[in-house]
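Student: Can you keep this structure in mind? I'll have questions shortly.
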Amino acid sequence: MSTVGTAFEKAAAENRAVLIGYLPAGFPSVDGAITAALVMAEAGADIIEIGLPYSDPLMDGPVIQEAVHRALIGGTRVADVLRTVEAVAGAGVAALIMTYWNPVDRYGVDAFARDLAAAGGSGLITPDLTPEEAGPWLAAASEYKLDPVFLVAPSSSDERIALITSVSGGFVYAASLMGTTGIRDLVGAEAAVLVSRVRQHTSLPVAVGLGVKDGQQAAQVASFADGVIVGTAFVQRLLAADDYEAGLQGIRDLTAELAAGVRSGRQAD
Amino acid sequence: MSEPTSDVGQSPDPTGHFGRFGGRLAPEALMSALDELTAAYLAAKADPGFRSELADLLSGYAGRPTLVTEVPRFAALAGGCRVFLKREDLAHTGSHKINNVLGQALLTKRMGKTRIIAETGAGQHGVATATAAALLGLDCTVYMGAEDTRRQALNVARMQMLGAEVVPVKTGSMTLKDAINETFRDWVSTVEYTHYCIGSVMGPHPFPMMVRDFQRVIGLEAREQMLKLAGRLPDAVIACVGGGSNAMGIFHAFIPDESVALIGCEAGGDGIETGRHAATVVGGSVGIIHGMRTILLQDAEGQTLQTHSISAGLDYPGVGPEHAWLHETGRAQYRAVTDVQAMEAFSALCRTEGIIPAIESAHALAGALQLGPQLGTEAILLVNLSGRGDKDVDIAGRWFGHLGDSADSEPGGLAGP
């Protein structure tokens with residue numbers, strides 16, 4: 001079974017960045033999301049983030065908000081999220097859950113970690129949990145051998161980057177620009193600066209998220225980061241497609257394009 | 001105004017916790033701004049120049065100190081005890097919201113930021129923010145749930161007249177909580193030059209502490225006024241609680257006075273048993289929302305529940321963390337007041353005293369009507385009349401059948417007295 005760690009090791013050996021794809025569980029349906037994630041895995045994603053739909057997604061832009069809203073209307077539960085993780089992990093791809101903290105807090109941090117580990121999940125990405133409030137999660141992550149992935153932002157001070165990297169596991173998520181999720185035309189120079197700032201504090205891999213939409217941008221990010229995270233562009237493919245089958249084809253095509261991108265980013269070096 | 005010496009002023013702890021509540025459960029992208037704000041606020045608080053500038057605005061612009069009015073004809077309906085109203089409805093812009101907004105707007109300038117953003121439910125905080133922005137020359141954007149822009153159309157126009165941009169929020173339940181989400185989304189993208197002027201004692205540290213501090217002038221004034229007018233402290237201080245800023249503002253100075261009961265009146269909507277309400281402390285459980293650990297209305301999986309109240313300003317599924325703490329320690333008690341009870345109290349104050357209260361504040365008045373008979377004729381109640389009812393004339397007019405077809409009134413076209 002692949003883990004986050006082995007995915008980064010494999011990519012490093014191939015002198016490329018990993019491709020991390022995001023999809024929310026339960027959109028367009030629980031099984032529909034599972035199939036889409038498996039298509040993403042088959043087409044070349046190295047790690048998959050499964051979003052846990054939440055009623056108040058503060059850090060998400062309109063596209064992911066819409067998908068998550070539909071997932072909740074459809075009745076998606078934590079058990080469905082765990083089943084999605086199990087399917088992805090079963091396909092041999094490392095699976096993380098991306099979640100706002102209240103659903104985990106409500107479920108019980110230890111129970112959530114236990115059930116995530118039992119489903120074969122690799123860890124959690126926590127966009128509204130910082131190390132200061134993460135004590136119980138860090139203990140559970142250690143007990144169940146899960147990766148606690150925290151975010152750093154361009155506004156993070158060096159002291160904060162030191163604190164965050166000291167408790168992180170798996171990789172460090174560099175939110176490359178100030179804002180919510182959503183595609184951007186340019187991946188700012190800010191991203192490269194942030195990655196190099198993070199590297200001064202840790203040997204963990206650094207993956208860049210927020211804004212990447214195509215193979216060209218993926219290649220650009222891959223030239224300085226260990227991983228490229230793509231979410232909104234995938235969700236947009238499902239949302240904008242005429243039907244589900246076309247959406248799946250969109251996921252397949254975009255994954256292939258991005259997978260080529262993360263492999264071409266360092267060819268010019 | 002002299003500061004009472006008490007260790008309650010020490011709360012929260014340096015990381016913003018009131019007991020197990022509060023803290024900062026916020027995106028990393030905002031952490032440096034929250035640190036900057038904390039430092040700027042603490043420096044301003046210690047700066048006599050800032051304090052006197054704010055004091056001058058409160059007295060020379062906002063109309064402080066606000067009156068305390070005894071309301072004997074209303075009190076006759078509350079079992080014959082004595083009832084006093086702290087008249088925040090007479091503050092500029094018509095509610096207590098101006099106290100906090102002037103403080104935060106001054107702080108915004110002090111931090112060198114040029115833009116202020118805010119969420120609003122009923123529109124009172126939005127109007128206050130737009131007012132302070134106009135006064136101090138700041139750009140202003142207010143996020144308001146689309147449902148609330150409909151319920152409070154006059155306040156939308158007021159904000160626009162004051163030069164603010166009003167953005168209707170069409171996500172989720174299209175009410176206050178969604179407006180807060182959208183304001184956070186704006187802030188995370190614009191934090192370099194923008195201050196988020198949160199309107200209640202909620203959000204990540206330092207907001208619950210800072211907003212309380214800006215609002216505690218209500219209780220400091222009222223405590224002295226009661227000693228002067230009634231010759232003693234009240235037996236109970238009663239305030240409505242949505243996020244809870246007017247309640248924290250009036251409660252705080254009385255916390256050390258153990259003889260004074262602190263009563264928070266939450267929005268009971270159609271009744272707790274119907275599930276259509278916004279009574280967070282009464283009907284909620286511990287969790288996280290909008291950057292703080294507190295009590296909130298959530299389902300078994302931690303999804304925020306839809307709330308209901310006739311009052312847009314109380315229609316919020318969370319509550320300030322200091323209220324959660326006052327509840328847990330037993331220092332304050334919280335009760336639910338239904339839409340019907342609030343509107344009865346609304347009408348009662350109009351007809352007995354010639355004061356039209358905000359529907360939010362009518363929840364506190366209903367609390368007085370319930371509590372008075374239990375405490376007896378010797379009792380003295382202090383009610384925070386947090387806002388005036390001009391903004392609610394349309395809703396109340398329909399409720400009581402003075403406006404439009406009473407069949408259109410919400411909910412169910414209840415006939416007036």
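Identifiers for the structure tokens are assigned positionally: chains receive A, B, ... in sequence, residues are indexed from 1 per chain, and ligands are indexed from 1 in the order shown.
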Would you mind listing, as a PyMOL selection string, all residues of chain B that have at least one atom within 10 Å of chain A, where only C-alpha atoms are what counts?
Tutor: chain B and resi 15+23-33+171-173+177-178+180-192+285-291+293+298-306
Student: Considering only C-alpha atoms, return as a ChimeraX atom specification whatever protein or nucleic-acid residues lie within 6 Å of B:Gly387, sequence-local ones (same chain, fewer than 4 positions apart) excluded.
Tutor: /B:88-89,94-95,358
Student: Create the file for the chosen residues now, containing all heavy atoms and written as a PDB file, in the first residue's frame.
Tutor:
```
ATOM      1  N   GLU B  88     -29.621  51.859  24.930  1.00  0.00           N
ATOM      2  CA  GLU B  88     -28.699  51.816  23.783  1.00  0.00           C
ATOM      3  C   GLU B  88     -29.407  52.169  22.483  1.00  0.00           C
ATOM      4  O   GLU B  88     -28.768  52.482  21.475  1.00  0.00           O
ATOM      5  CB  GLU B  88     -28.030  50.441  23.690  1.00  0.00           C
ATOM      6  CG  GLU B  88     -27.102  50.122  24.848  1.00  0.00           C
ATOM      7  CD  GLU B  88     -25.973  51.136  24.973  1.00  0.00           C
ATOM      8  OE1 GLU B  88     -25.150  51.237  24.051  1.00  0.00           O
ATOM      9  OE2 GLU B  88     -25.910  51.848  26.005  1.00  0.00           O
ATOM     10  N   ASP B  89     -30.747  52.103  22.514  1.00  0.00           N
ATOM     11  CA  ASP B  89     -31.503  52.517  21.320  1.00  0.00           C
ATOM     12  C   ASP B  89     -31.304  54.001  21.015  1.00  0.00           C
ATOM     13  O   ASP B  89     -31.544  54.438  19.893  1.00  0.00           O
ATOM     14  CB  ASP B  89     -32.999  52.219  21.508  1.00  0.00           C
ATOM     15  CG  ASP B  89     -33.614  52.969  22.693  1.00  0.00           C
ATOM     16  OD1 ASP B  89     -32.961  53.029  23.760  1.00  0.00           O
ATOM     17  OD2 ASP B  89     -34.722  53.504  22.540  1.00  0.00           O
ATOM     18  N   GLY B  94     -28.717  53.979  16.343  1.00  0.00           N
ATOM     19  CA  GLY B  94     -29.874  53.268  16.863  1.00  0.00           C
ATOM     20  C   GLY B  94     -29.624  51.965  17.575  1.00  0.00           C
ATOM     21  O   GLY B  94     -30.581  51.238  17.861  1.00  0.00           O
ATOM     22  N   SER B  95     -28.380  51.673  17.868  1.00  0.00           N
ATOM     23  CA  SER B  95     -28.120  50.470  18.665  1.00  0.00           C
ATOM     24  C   SER B  95     -26.746  50.555  19.306  1.00  0.00           C
ATOM     25  O   SER B  95     -25.962  51.462  19.005  1.00  0.00           O
ATOM     26  CB  SER B  95     -28.214  49.206  17.805  1.00  0.00           C
ATOM     27  OG  SER B  95     -26.988  48.989  17.126  1.00  0.00           O
ATOM     28  N   ALA B 358     -36.102  47.402  19.165  1.00  0.00           N
ATOM     29  CA  ALA B 358     -35.716  46.422  18.147  1.00  0.00           C
ATOM     30  C   ALA B 358     -36.304  45.075  18.548  1.00  0.00           C
ATOM     31  O   ALA B 358     -36.451  44.780  19.740  1.00  0.00           O
ATOM     32  CB  ALA B 358     -34.198  46.335  18.062  1.00  0.00           C
TER      33      ALA B 358
END
```
Student: Which residues are close to A:Leu248, i.e. within 9 Å by only C-alpha atoms, leaving aside same-chain residues fewer than 5 positions away? Reply as JSON, numbers by chain.
Tutor: {"A": [35, 36, 39, 40, 237, 238, 241, 243, 253]}
Student: Enumerate, in order of chain and increasing residue number, the residues of stretch 344-408 of chain B with an atom no farther than 12 Å from stretch 216-220 of chain B, each with its shortest atom pair and distance in Å to one decimal, counting only C-alpha atoms, as CSV.
Tutor:
```
residue,atom,partner,partner_atom,distance
B:Leu382,CA,B:Gly219,CA,10.3
B:Val383,CA,B:Gly219,CA,10.9
B:Asn384,CA,B:Ile218,CA,8.6
B:Leu385,CA,B:Ile218,CA,10.6
B:Ser386,CA,B:Ile218,CA,9.7
```
Student: Quick one: residues within 7 Å of A:Gly51, only C-alpha atoms counted, chain neighbours fewer than 5 positions away excluded, as a list in words?
Tutor: Tyr22, Leu23, Pro24, Ala25, Ile97, Met98 and Thr99 of chain A
Student: Just list the residues in stretch 131-342 of chain B DSSP gives strand (DSSP E) on the backbone, as number ranges by chain.
Tutor: B: 139-145, 165-169, 194-196, 236-241, 261-269, 285-289, 292-296, 332-338
Student: DSSP on the backbone, helix (DSSP H, G or I) only: what residues of stretch 15-257 of chain A does that give? Format it as a ChimeraX atom specification.
Tutor: /A:30-42,62-73,78-90,101-107,109-118,131-133,135-143,158-167,189-199,215-222,232-240,244-257
Student: So that I have them on file, write out the residues from the current selection with C-alpha atoms, as a compact mmCIF listing (two decimals), in the first residue's frame.
Tutor:
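Below you can see out.txt, which holds the result:
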```txt
# COMPACT_ATOMS: atom_id res chain seq x y z
CA VAL A 30 -21.08 8.98 -2.89
CA ASP A 31 -20.47 6.30 -5.51
CA GLY A 32 -20.00 8.92 -8.21
CA ALA A 33 -17.23 10.53 -6.19
CA ILE A 34 -15.59 7.18 -5.54
CA THR A 35 -15.56 6.38 -9.25
CA ALA A 36 -14.17 9.83 -10.04
CA ALA A 37 -11.40 9.39 -7.46
CA LEU A 38 -10.53 6.00 -8.90
CA VAL A 39 -10.36 7.51 -12.38
CA MET A 40 -8.02 10.15 -10.98
CA ALA A 41 -5.86 7.44 -9.40
CA GLU A 42 -5.74 5.40 -12.58
CA PRO A 62 -17.53 29.24 -5.11
CA VAL A 63 -16.74 26.08 -7.12
CA ILE A 64 -15.89 23.84 -4.16
CA GLN A 65 -18.63 25.47 -2.07
CA GLU A 66 -21.16 24.46 -4.70
CA ALA A 67 -19.96 20.85 -4.91
CA VAL A 68 -19.82 20.49 -1.13
CA HIS A 69 -23.26 22.04 -0.76
CA ARG A 70 -24.66 19.47 -3.18
CA ALA A 71 -22.88 16.66 -1.36
CA LEU A 72 -24.51 17.73 1.91
CA ILE A 73 -27.93 18.10 0.29
CA VAL A 78 -18.66 10.84 7.65
CA ALA A 79 -19.11 7.11 7.04
CA ASP A 80 -19.38 7.85 3.31
CA VAL A 81 -16.17 9.85 3.43
CA LEU A 82 -14.39 6.95 5.12
CA ARG A 83 -15.78 4.54 2.53
CA THR A 84 -14.39 6.80 -0.21
CA VAL A 85 -10.99 6.80 1.47
CA GLU A 86 -11.11 3.01 1.70
CA ALA A 87 -11.79 2.69 -2.02
CA VAL A 88 -8.91 5.00 -2.98
CA ALA A 89 -6.48 3.35 -0.59
CA GLY A 90 -7.64 -0.02 -1.89
CA TRP A 101 -12.10 20.77 12.24
CA ASN A 102 -15.59 20.72 13.71
CA PRO A 103 -16.74 17.44 12.11
CA VAL A 104 -13.65 15.71 13.53
CA ASP A 105 -14.08 17.35 16.91
CA ARG A 106 -17.71 16.25 16.97
CA TYR A 107 -16.91 12.67 15.89
CA VAL A 109 -10.63 13.09 17.52
CA ASP A 110 -9.37 9.70 18.67
CA ALA A 111 -12.28 7.80 17.14
CA PHE A 112 -11.87 9.68 13.87
CA ALA A 113 -8.17 8.85 13.72
CA ARG A 114 -8.87 5.21 14.54
CA ASP A 115 -11.53 4.90 11.84
CA LEU A 116 -9.45 6.76 9.28
CA ALA A 117 -6.52 4.45 9.92
CA ALA A 118 -8.81 1.41 9.70
CA PRO A 131 -0.65 23.69 15.85
CA GLU A 132 -1.75 25.74 18.86
CA GLU A 133 -5.10 23.92 19.01
CA GLY A 135 -2.76 18.77 20.72
CA PRO A 136 -5.35 15.94 20.74
CA TRP A 137 -5.00 15.41 16.98
CA LEU A 138 -1.22 15.24 17.12
CA ALA A 139 -1.46 12.61 19.85
CA ALA A 140 -3.97 10.59 17.85
CA ALA A 141 -1.96 10.96 14.65
CA SER A 142 1.06 9.59 16.42
CA GLU A 143 -0.87 6.68 17.89
CA ASP A 158 9.32 32.45 10.14
CA GLU A 159 8.48 31.62 13.75
CA ARG A 160 5.14 30.21 12.68
CA ILE A 161 6.67 28.25 9.82
CA ALA A 162 9.12 26.75 12.32
CA LEU A 163 6.26 25.83 14.64
CA ILE A 164 4.09 24.37 11.89
CA THR A 165 6.82 22.32 10.26
CA SER A 166 7.90 20.97 13.65
CA VAL A 167 4.55 19.20 14.10
CA ALA A 189 6.21 34.16 -7.53
CA GLU A 190 5.02 34.19 -3.92
CA ALA A 191 4.72 30.43 -4.12
CA ALA A 192 8.38 29.86 -4.88
CA VAL A 193 9.42 32.23 -2.13
CA LEU A 194 7.16 30.48 0.35
CA VAL A 195 8.50 27.04 -0.59
CA SER A 196 12.07 28.15 -0.09
CA ARG A 197 11.17 29.72 3.26
CA VAL A 198 9.61 26.43 4.36
CA ARG A 199 12.64 24.45 3.26
CA GLY A 215 -0.43 21.21 -17.09
CA GLN A 216 1.60 24.30 -17.79
CA GLN A 217 1.06 25.71 -14.30
CA ALA A 218 1.71 22.26 -12.82
CA ALA A 219 5.06 22.16 -14.62
CA GLN A 220 5.89 25.62 -13.36
CA VAL A 221 5.13 24.66 -9.74
CA ALA A 222 6.90 21.31 -10.11
CA THR A 232 -11.00 23.39 -7.99
CA ALA A 233 -10.03 22.56 -11.58
CA PHE A 234 -11.09 18.93 -11.01
CA VAL A 235 -14.34 19.86 -9.32
CA GLN A 236 -15.04 22.32 -12.13
CA ARG A 237 -14.73 19.48 -14.66
CA LEU A 238 -17.48 17.58 -12.86
CA LEU A 239 -19.67 20.65 -12.32
CA ALA A 240 -19.42 21.96 -15.88
CA TYR A 244 -21.47 12.46 -15.42
CA GLU A 245 -19.65 10.39 -18.06
CA ALA A 246 -18.34 13.56 -19.67
CA GLY A 247 -17.27 14.75 -16.23
CA LEU A 248 -15.32 11.55 -15.65
CA GLN A 249 -13.62 11.98 -19.01
CA GLY A 250 -12.77 15.54 -17.97
CA ILE A 251 -11.19 14.22 -14.76
CA ARG A 252 -9.23 11.63 -16.74
CA ASP A 253 -7.96 14.19 -19.26
CA LEU A 254 -7.02 16.77 -16.66
CA THR A 255 -5.22 14.18 -14.52
CA ALA A 256 -3.20 13.05 -17.50
CA GLU A 257 -2.33 16.64 -18.42
```
Student: Would you mind telling me which residue in A:Gly182, A:Gly123, A:Gly209, A:Gly5 lies nearest to A:Ile20 when using only C-alpha atoms?
Tutor: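 That would be A:Gly209, the residue with the smallest distance to A:Ile20.
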Student: With distances taken over only C-alpha atoms, which residue among B:Ser59, B:Ser347, B:Thr280, B:Thr352 lies nearest B:Ala366?
Tutor: B:Ser347
Student: Counting only C-alpha atoms, which of B:Leu77, B:Leu34, B:Leu58, B:Ala236 gets nearest to B:Leu106?
Tutor: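 Distance minimum relative to B:Leu106 lands on B:Leu58.
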